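> Please find target00.txt (compact mmCIF, C-alpha atoms) on the next line:
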# COMPACT_ATOMS: atom_id res chain seq x y z
CA MET A 1 0.00 0.00 0.00
CA LYS A 2 2.78 2.35 0.94
CA SER A 3 4.51 1.33 -2.23
CA THR A 4 1.51 2.39 -4.24
CA ILE A 5 1.54 5.78 -2.70
CA ARG A 6 5.20 6.20 -3.35
CA ILE A 7 4.82 5.12 -6.92
CA ALA A 8 2.16 7.71 -7.48
CA LEU A 9 4.48 10.34 -6.13
CA VAL A 10 7.26 9.24 -8.38
CA ILE A 11 4.97 9.57 -11.35
CA PHE A 12 4.25 13.14 -10.47
CA VAL A 13 7.93 13.83 -10.33
CA VAL A 14 8.55 12.23 -13.66
CA CYS A 15 5.88 14.37 -15.16
CA SER A 16 7.80 17.29 -13.91
CA ILE A 17 10.83 16.01 -15.72
CA SER A 18 8.96 15.95 -18.99
CA GLY A 19 8.81 19.65 -18.76
CA CYS A 20 12.60 20.14 -18.81
CA GLY A 21 15.21 21.05 -21.43
CA GLY A 22 14.53 21.92 -25.06
CA TYR A 23 11.05 22.42 -26.50
CA SER A 24 8.00 20.17 -26.43
CA SER A 25 6.12 18.76 -29.41
CA HIS A 26 3.06 20.72 -28.25
CA GLY A 27 4.23 24.16 -29.36
CA ASN A 28 7.13 26.35 -28.25
CA THR A 29 6.80 25.58 -24.55
CA PRO A 30 10.25 24.82 -23.05
CA LEU A 31 10.52 21.23 -21.80
CA SER A 32 11.46 22.68 -18.41
CA GLN A 33 7.86 23.92 -18.21
CA THR A 34 5.86 20.97 -19.56
CA LEU A 35 5.19 17.39 -18.50
CA ALA A 36 3.92 16.30 -21.91
CA GLY A 37 5.34 12.89 -22.86
CA THR A 38 6.01 9.41 -21.48
CA TRP A 39 7.89 8.65 -18.25
CA ASP A 40 9.35 5.96 -15.99
CA PHE A 41 9.68 6.58 -12.22
CA THR A 42 11.20 5.02 -9.13
CA TYR A 43 9.93 5.96 -5.69
CA VAL A 44 11.53 5.14 -2.35
CA SER A 45 9.51 5.13 0.87
CA SER A 46 10.97 6.57 4.06
CA THR A 47 9.88 3.42 5.89
CA SER A 48 9.94 0.49 3.44
CA GLY A 49 10.57 -0.59 -0.12
CA SER A 50 10.45 1.00 -3.54
CA ALA A 51 8.19 0.86 -6.57
CA THR A 52 7.96 1.87 -10.23
CA VAL A 53 5.44 3.98 -12.10
CA SER A 54 4.93 4.65 -15.82
CA GLY A 55 2.61 7.02 -17.64
CA THR A 56 1.88 9.41 -20.49
CA PHE A 57 1.02 13.04 -19.71
CA THR A 58 -0.54 15.89 -21.65
CA GLN A 59 -0.22 19.63 -21.15
CA PRO A 60 -1.78 22.14 -23.59
CA ALA A 61 0.71 24.52 -25.21
CA GLY A 62 1.25 27.56 -23.03
CA ALA A 63 -0.68 26.08 -20.10
CA GLY A 64 0.75 25.32 -16.67
CA SER A 65 -1.62 22.46 -15.86
CA PHE A 66 -0.95 18.81 -16.78
CA SER A 67 -2.82 15.52 -16.48
CA GLY A 68 -2.44 11.85 -17.36
CA THR A 69 -2.98 8.22 -16.41
CA VAL A 70 -0.36 5.98 -14.80
CA SER A 71 0.28 2.27 -14.28
CA LEU A 72 1.74 1.16 -10.95
CA THR A 73 3.92 -1.84 -10.11
CA GLY A 74 4.60 -2.96 -6.55
CA SER A 75 1.81 -0.86 -5.09
CA CYS A 76 -1.58 -1.41 -3.47
CA SER A 77 -3.13 -0.14 -6.71
CA THR A 78 -2.34 -0.79 -10.38
CA THR A 79 -3.76 2.37 -12.01
CA GLY A 80 -4.39 6.01 -11.21
CA THR A 81 -4.59 9.58 -12.51
CA LEU A 82 -2.24 12.51 -12.00
CA ASP A 83 -3.11 16.22 -12.19
CA GLY A 84 -1.05 19.25 -11.29
CA THR A 85 0.79 22.37 -12.38
CA VAL A 86 4.28 23.32 -13.56
CA THR A 87 5.61 26.76 -12.68
CA GLY A 88 9.06 27.28 -14.15
CA SER A 89 10.98 24.23 -12.91
CA ALA A 90 8.72 23.63 -9.88
CA ILE A 91 6.08 20.89 -9.95
CA THR A 92 3.14 20.31 -7.67
CA GLY A 93 0.51 17.63 -8.18
CA THR A 94 -2.03 15.20 -6.78
CA LEU A 95 -2.11 11.52 -7.57
CA THR A 96 -5.42 9.71 -7.14
CA GLU A 97 -5.22 5.92 -7.21
CA THR A 98 -8.10 3.61 -8.07
CA ASN A 99 -7.78 1.91 -4.68
CA PRO A 100 -8.69 4.91 -2.47
CA GLU A 101 -5.47 6.85 -1.97
CA THR A 102 -4.48 10.48 -2.54
CA ILE A 103 -0.85 11.57 -2.71
CA SER A 104 0.66 15.05 -2.77
CA VAL A 105 3.81 15.43 -4.86
CA MET A 106 6.42 18.18 -5.05
CA GLY A 107 9.54 18.29 -7.20
CA THR A 108 11.93 20.05 -9.54
CA LEU A 109 12.56 19.56 -13.26
CA SER A 110 16.12 19.31 -14.51
CA SER A 111 17.32 21.91 -17.00
CA SER A 112 17.67 19.21 -19.69
CA GLY A 113 14.09 18.03 -19.34
CA SER A 114 15.23 14.41 -19.09
CA THR A 115 15.04 13.86 -15.33
CA ALA A 116 13.25 15.12 -12.24
CA SER A 117 13.23 14.45 -8.50
CA GLY A 118 11.40 15.43 -5.36
CA THR A 119 9.33 14.28 -2.38
CA TYR A 120 5.86 12.89 -1.81
CA SER A 121 3.37 12.60 1.05
CA VAL A 122 0.28 10.40 1.35
CA MET A 123 -2.64 12.64 2.24
CA SER A 124 -5.31 9.95 2.59
CA ALA A 125 -5.50 6.18 2.12
CA THR A 126 -8.33 3.75 2.78
CA GLY A 127 -9.40 0.27 1.74
CA ALA A 128 -6.60 -1.81 0.21
CA CYS A 129 -4.23 1.16 0.58
CA ALA A 130 -4.98 1.94 4.24
CA ALA A 131 -1.53 0.82 5.42
CA ALA A 132 0.05 3.61 3.34
CA SER A 133 -1.62 6.35 5.34
CA GLY A 134 0.93 8.97 6.40
CA ASP A 135 3.73 7.54 4.27
CA THR A 136 6.40 9.89 2.88
CA GLY A 137 9.42 9.46 0.66
CA THR A 138 11.48 10.59 -2.32
CA TRP A 139 11.23 9.97 -6.05
CA HIS A 140 13.26 10.16 -9.25
CA GLY A 141 12.00 10.07 -12.84
CA THR A 142 13.34 9.66 -16.36
CA ARG A 143 11.62 10.85 -19.52
CA THR A 144 11.47 8.34 -22.40
CA ALA A 145 11.52 9.20 -26.11
CA THR A 146 8.90 8.04 -28.60
CA PRO A 147 10.31 5.38 -30.98
CA ILE A 148 9.97 6.86 -34.48
CA GLY A 149 11.64 5.67 -37.68
CA PRO A 150 13.04 2.38 -38.96
CA TYR A 151 14.45 -0.26 -36.61
CA GLY A 152 16.09 -3.49 -37.73
CA ALA A 153 16.83 -6.81 -35.99
CA LEU A 154 17.54 -10.48 -36.52
CA VAL A 155 14.73 -12.31 -34.74
CA ARG A 156 16.00 -15.69 -33.57
CA SER A 157 13.48 -18.51 -33.24
CA ALA A 158 13.99 -21.86 -31.53
CA ASP A 159 14.19 -24.10 -34.61
CA ARG A 160 14.62 -21.84 -37.67
CA LEU A 161 17.25 -19.57 -39.14
CA PRO A 162 17.12 -15.95 -37.91
CA THR A 163 14.56 -13.72 -39.65
CA HIS A 164 15.46 -10.17 -40.64
CA VAL A 165 12.67 -7.85 -39.42
CA VAL A 166 12.36 -4.11 -40.06
CA LEU A 167 9.94 -2.02 -37.97
CA ASN A 168 9.01 1.41 -39.29
CA LEU A 169 7.19 3.27 -36.50
CA ASN A 170 5.34 6.56 -36.19
CA GLY A 171 3.28 7.97 -33.39
CA THR A 172 2.71 10.35 -30.54
CA PRO A 173 3.58 9.84 -26.86
CA GLY A 174 1.76 6.71 -25.74
CA GLN A 175 0.38 5.64 -29.15
CA LEU A 176 2.30 3.91 -31.97
CA SER A 177 1.60 2.63 -35.48
CA GLY A 178 3.55 1.53 -38.53
CA THR A 179 4.67 -1.53 -40.46
CA ALA A 180 6.61 -4.72 -39.74
CA ASN A 181 8.49 -6.22 -42.70
CA PHE A 182 9.77 -9.83 -42.47
CA ILE A 183 12.41 -9.70 -45.19
CA ASN A 184 13.71 -13.28 -45.39
CA SER A 185 10.89 -15.15 -43.70
CA ALA A 186 9.53 -18.29 -45.33
CA CYS A 187 6.09 -17.52 -43.92
CA LEU A 188 5.54 -13.86 -42.98
CA HIS A 189 5.94 -10.83 -45.22
CA SER A 190 4.59 -7.36 -44.37
CA MET A 191 1.88 -6.15 -42.01
CA GLN A 192 0.46 -3.06 -40.34
CA VAL A 193 1.11 -2.80 -36.58
CA THR A 194 -0.47 -0.64 -33.88
CA GLY A 195 0.21 -0.44 -30.17
CA THR A 196 1.07 1.49 -27.06
CA GLN A 197 4.09 2.84 -25.21
CA THR A 198 3.97 3.11 -21.41
CA GLY A 199 7.23 4.63 -20.26
CA SER A 200 9.93 2.27 -21.53
CA LYS A 201 7.46 -0.59 -22.16
CA LEU A 202 6.16 -1.33 -25.66
CA GLU A 203 3.37 -3.50 -27.06
CA LEU A 204 2.62 -3.77 -30.80
CA ARG A 205 0.09 -6.00 -32.60
CA GLY A 206 -0.30 -6.98 -36.26
CA ASP A 207 -2.45 -9.40 -38.24
CA THR A 208 -1.80 -10.99 -41.66
CA GLY A 209 -4.99 -12.99 -41.90
CA ASN A 210 -4.36 -16.62 -42.86
CA ASP A 211 -0.64 -16.39 -42.02
CA GLY A 212 -1.33 -15.48 -38.40
CA SER A 213 -1.04 -12.58 -35.97
CA VAL A 214 2.05 -11.07 -34.32
CA LEU A 215 2.51 -9.61 -30.83
CA LEU A 216 5.72 -7.67 -30.12
CA THR A 217 6.38 -6.83 -26.47
CA GLY A 218 9.39 -5.57 -24.56
CA THR A 219 11.32 -2.52 -23.39
CA MET A 220 13.53 0.21 -24.80
CA ASP A 221 16.26 2.55 -23.57
CA PRO A 222 15.24 6.14 -22.60
CA GLU A 223 16.50 7.54 -25.95
CA ALA A 224 14.59 4.89 -27.97
CA ARG A 225 17.74 3.73 -29.76
CA ILE A 226 17.32 0.00 -29.05
CA LEU A 227 14.04 -1.90 -28.67
CA ASN A 228 14.41 -5.31 -26.99
CA LEU A 229 11.33 -7.18 -28.18
CA ASN A 230 9.83 -10.64 -28.01
CA VAL A 231 8.01 -11.55 -31.24
CA ALA A 232 5.16 -13.99 -30.58
CA VAL A 233 3.52 -15.33 -33.76
CA SER A 234 0.25 -17.26 -33.66
CA GLY A 235 -1.47 -19.25 -36.38
CA ALA A 236 0.18 -20.96 -39.34
CA CYS A 237 3.45 -19.04 -38.88
CA GLN A 238 3.96 -19.61 -35.15
CA ALA A 239 7.39 -21.21 -35.74
CA GLU A 240 8.63 -17.68 -36.59
CA SER A 241 8.33 -16.64 -32.92
CA GLY A 242 11.53 -15.39 -31.32
CA ALA A 243 13.32 -12.36 -29.87
CA GLY A 244 15.64 -9.62 -31.11
CA ALA A 245 17.29 -6.28 -30.31
CA PHE A 246 15.88 -3.76 -32.78
CA THR A 247 18.44 -1.01 -33.46
CA LYS A 248 17.46 2.37 -34.90
CA LEU A 249 18.63 2.55 -38.51
CA GLN A 250 18.67 6.34 -38.90
What does this structure look like when you write it as C-alpha cells?

Amino acid sequence: MKSTIRIALVIFVVCSISGCGGYSSHGNTPLSQTLAGTWDFTYVSSTSGSATVSGTFTQPAGAGSFSGTVSLTGSCSTTGTLDGTVTGSAITGTLTETNPETISVMGTLSSSGSTASGTYSVMSATGACAAASGDTGTWHGTRTATPIGPYGALVRSADRLPTHVVLNLNGTPGQLSGTANFINSACLHSMQVTGTQTGSKLELRGDTGNDGSVLLTGTMDPEARILNLNVAVSGACQAESGAGAFTKLQ
C-alpha cells in the first residue's frame, strides 16, 4: 500500500521532468515547463521498499496544468490519474489511485528536461491502501523518447534460421503505429502494426490474416535507440516466434 503511494508520487515527479530542457512537441513551450510525454519513475519510501510507475502526460501549449494516467507496479493499486501544475521548474501535483489513496507530490525539473526528483506525502488512504496512510518518501523520474523511424533486428526462433525484421514506427507519446516487414521469412511478409508505449514498455500488434497474428512486447532505452522485443507469432506461422534487439537505422 505504501509502495503504491510512493509510486504515485514518483509519477508526479517524472511528469515534472517531462517539462525540462529543449522544447516540447506541443508548441514552443520549453521542456522545463511541460510534463507532456512518457515517463518511468522510481519511488523510495521513508519506511519500506520502492516501486515503479509509468505514464503518459498531456499539457496544452502555453498552459501550466498537466494531467495523465499511470500504471503502478509494486503498489496497493495498479492504475491512477495525475493532475497538477508546472511553474518554471517547480512541480506540484495530486495523484489519485483507483484503490482509495491520494498523494501530494512536489519536485523540480532538470534543465535538460530528461530527469526530475522530489518528495511525496500520502494525504489519505483507505481500503486496500490503508496501510500507506501517512507515508512519505522521495522519487526520481526519467523521460522516455517516442520510438519513431526504422528499426532493424535479426529475430531468432527456436528451430529456424534468424529472420530479418524491419519495424518502421510513427506515433505520438503513448500511441504507436507503422509496419513490420519480415524480409527473409519463409512464412511472414509485411503487415500493419499498432500499439502502445507506457514509459519504456512497448506493445505492438499486427495481423496478416491466414498467415497469423504477431505480438511484439518488450522494453527500450530512454532515448529509444534500441528496442528489446519478443516476437510472438500465432497461427500458421507460429514457428517464426523469437526475440531480437531492434536497433534504430537512422
> Please determine, counting only C-alpha atoms, which residue among A:Ala145, A:Val214, A:Leu188, A:Leu72 has the shortest atom-to-atom distance to Ser200 (chain A).
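When distances to Ser200 (chain A) are compared using only C-alpha atoms, the smallest one comes from A:Ala145.
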> Excluding His164 (chain A) and any residue of its chain fewer than 3 positions from it, enumerate the residues within 8 Å of it, using only C-alpha atoms, and give them as a VMD selection string.
chain A and resid 152 to 155 182 to 185
> Expressed in Å to a single decimal, how great is the separation between CA of Leu249 (chain A) and CA of Ser111 (chain A)?
29.0 Å
> Do a neighbour search on Thr108 (chain A) at 7 Å with all atoms listed in the file, toss out local chain neighbours closer than 5 positions, and write the hits as a PyMOL selection string.
chain A and resi 16+89-91+116-118
> From the options A:Thr98, A:Ser45, A:Asn210, A:Thr81, which residue's atoms come nearest to Gly235 (chain A), counting all atoms listed in the file?
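Among the listed residues, the smallest separation from Gly235 (chain A) belongs to A:Asn210.
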> Smallest atom-to-atom distance to Leu167 (chain A): which of A:Gly195, A:Gly80, A:Gly141, A:Gly149, using all atoms listed in the file?
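Checking each candidate against Leu167 (chain A), we get A:Gly149 as the closest.
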> Considering all atoms listed in the file, can you say which of A:Thr96, A:Leu204, A:Gly64, A:Thr115 comes closest to Asn170 (chain A)?
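Counting all atoms listed in the file, the residue closest to Asn170 (chain A) is A:Leu204.
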> Measuring atom to atom with all atoms listed in the file, identify which of A:Thr198, A:Thr94, A:Thr126, A:Ser50 is nearest to Val70 (chain A).
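Distance minimum relative to Val70 (chain A) lands on A:Thr198.
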> Grab the CA of Thr52 (chain A) to CA of Gly174 (chain A) distance for me, in Å with one decimal place.
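Computing the Euclidean distance for CA of Thr52 (chain A) and CA of Gly174 (chain A) yields 17.4 Å.
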> Find the residue from A:Lys248, A:Gly88, A:Ile103, A:Ser112 that sits nearest to Leu169 (chain A); use only C-alpha atoms when measuring.
A:Lys248
> Can you tell me which residues surround Ser241 (chain A) at a distance of at most 9 Å, considering all atoms listed in the file, apart from same-chain residues fewer than 4 positions away, and format the answer as a list in words?
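With the cut-off at 9 Å, the set is Val155, Arg156, Ser157, Ala158, Val214, Asn230, Val231, Ala232, Val233, Ser234 and Cys237 of chain A.
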> Take CA of Val44 (chain A) and CA of Val86 (chain A) and report the distance between them in Å, one decimal.
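Distance reported for this atom pair: 22.6 Å.
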> Tell me, as a tab-separated table (two decimals) with C-alpha atoms, in the coordinates of the input, which residues lie within 6 Å of Val166 (chain A), counting only C-alpha atoms; anything in the same chain fewer than 6 positions away does not count.

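See out.tsv below for the written result:
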chain	number	residue	atom	x	y	z
A	151	TYR	CA	14.45	-0.26	-36.61
A	152	GLY	CA	16.09	-3.49	-37.73
A	180	ALA	CA	6.61	-4.72	-39.74
A	181	ASN	CA	8.49	-6.22	-42.70
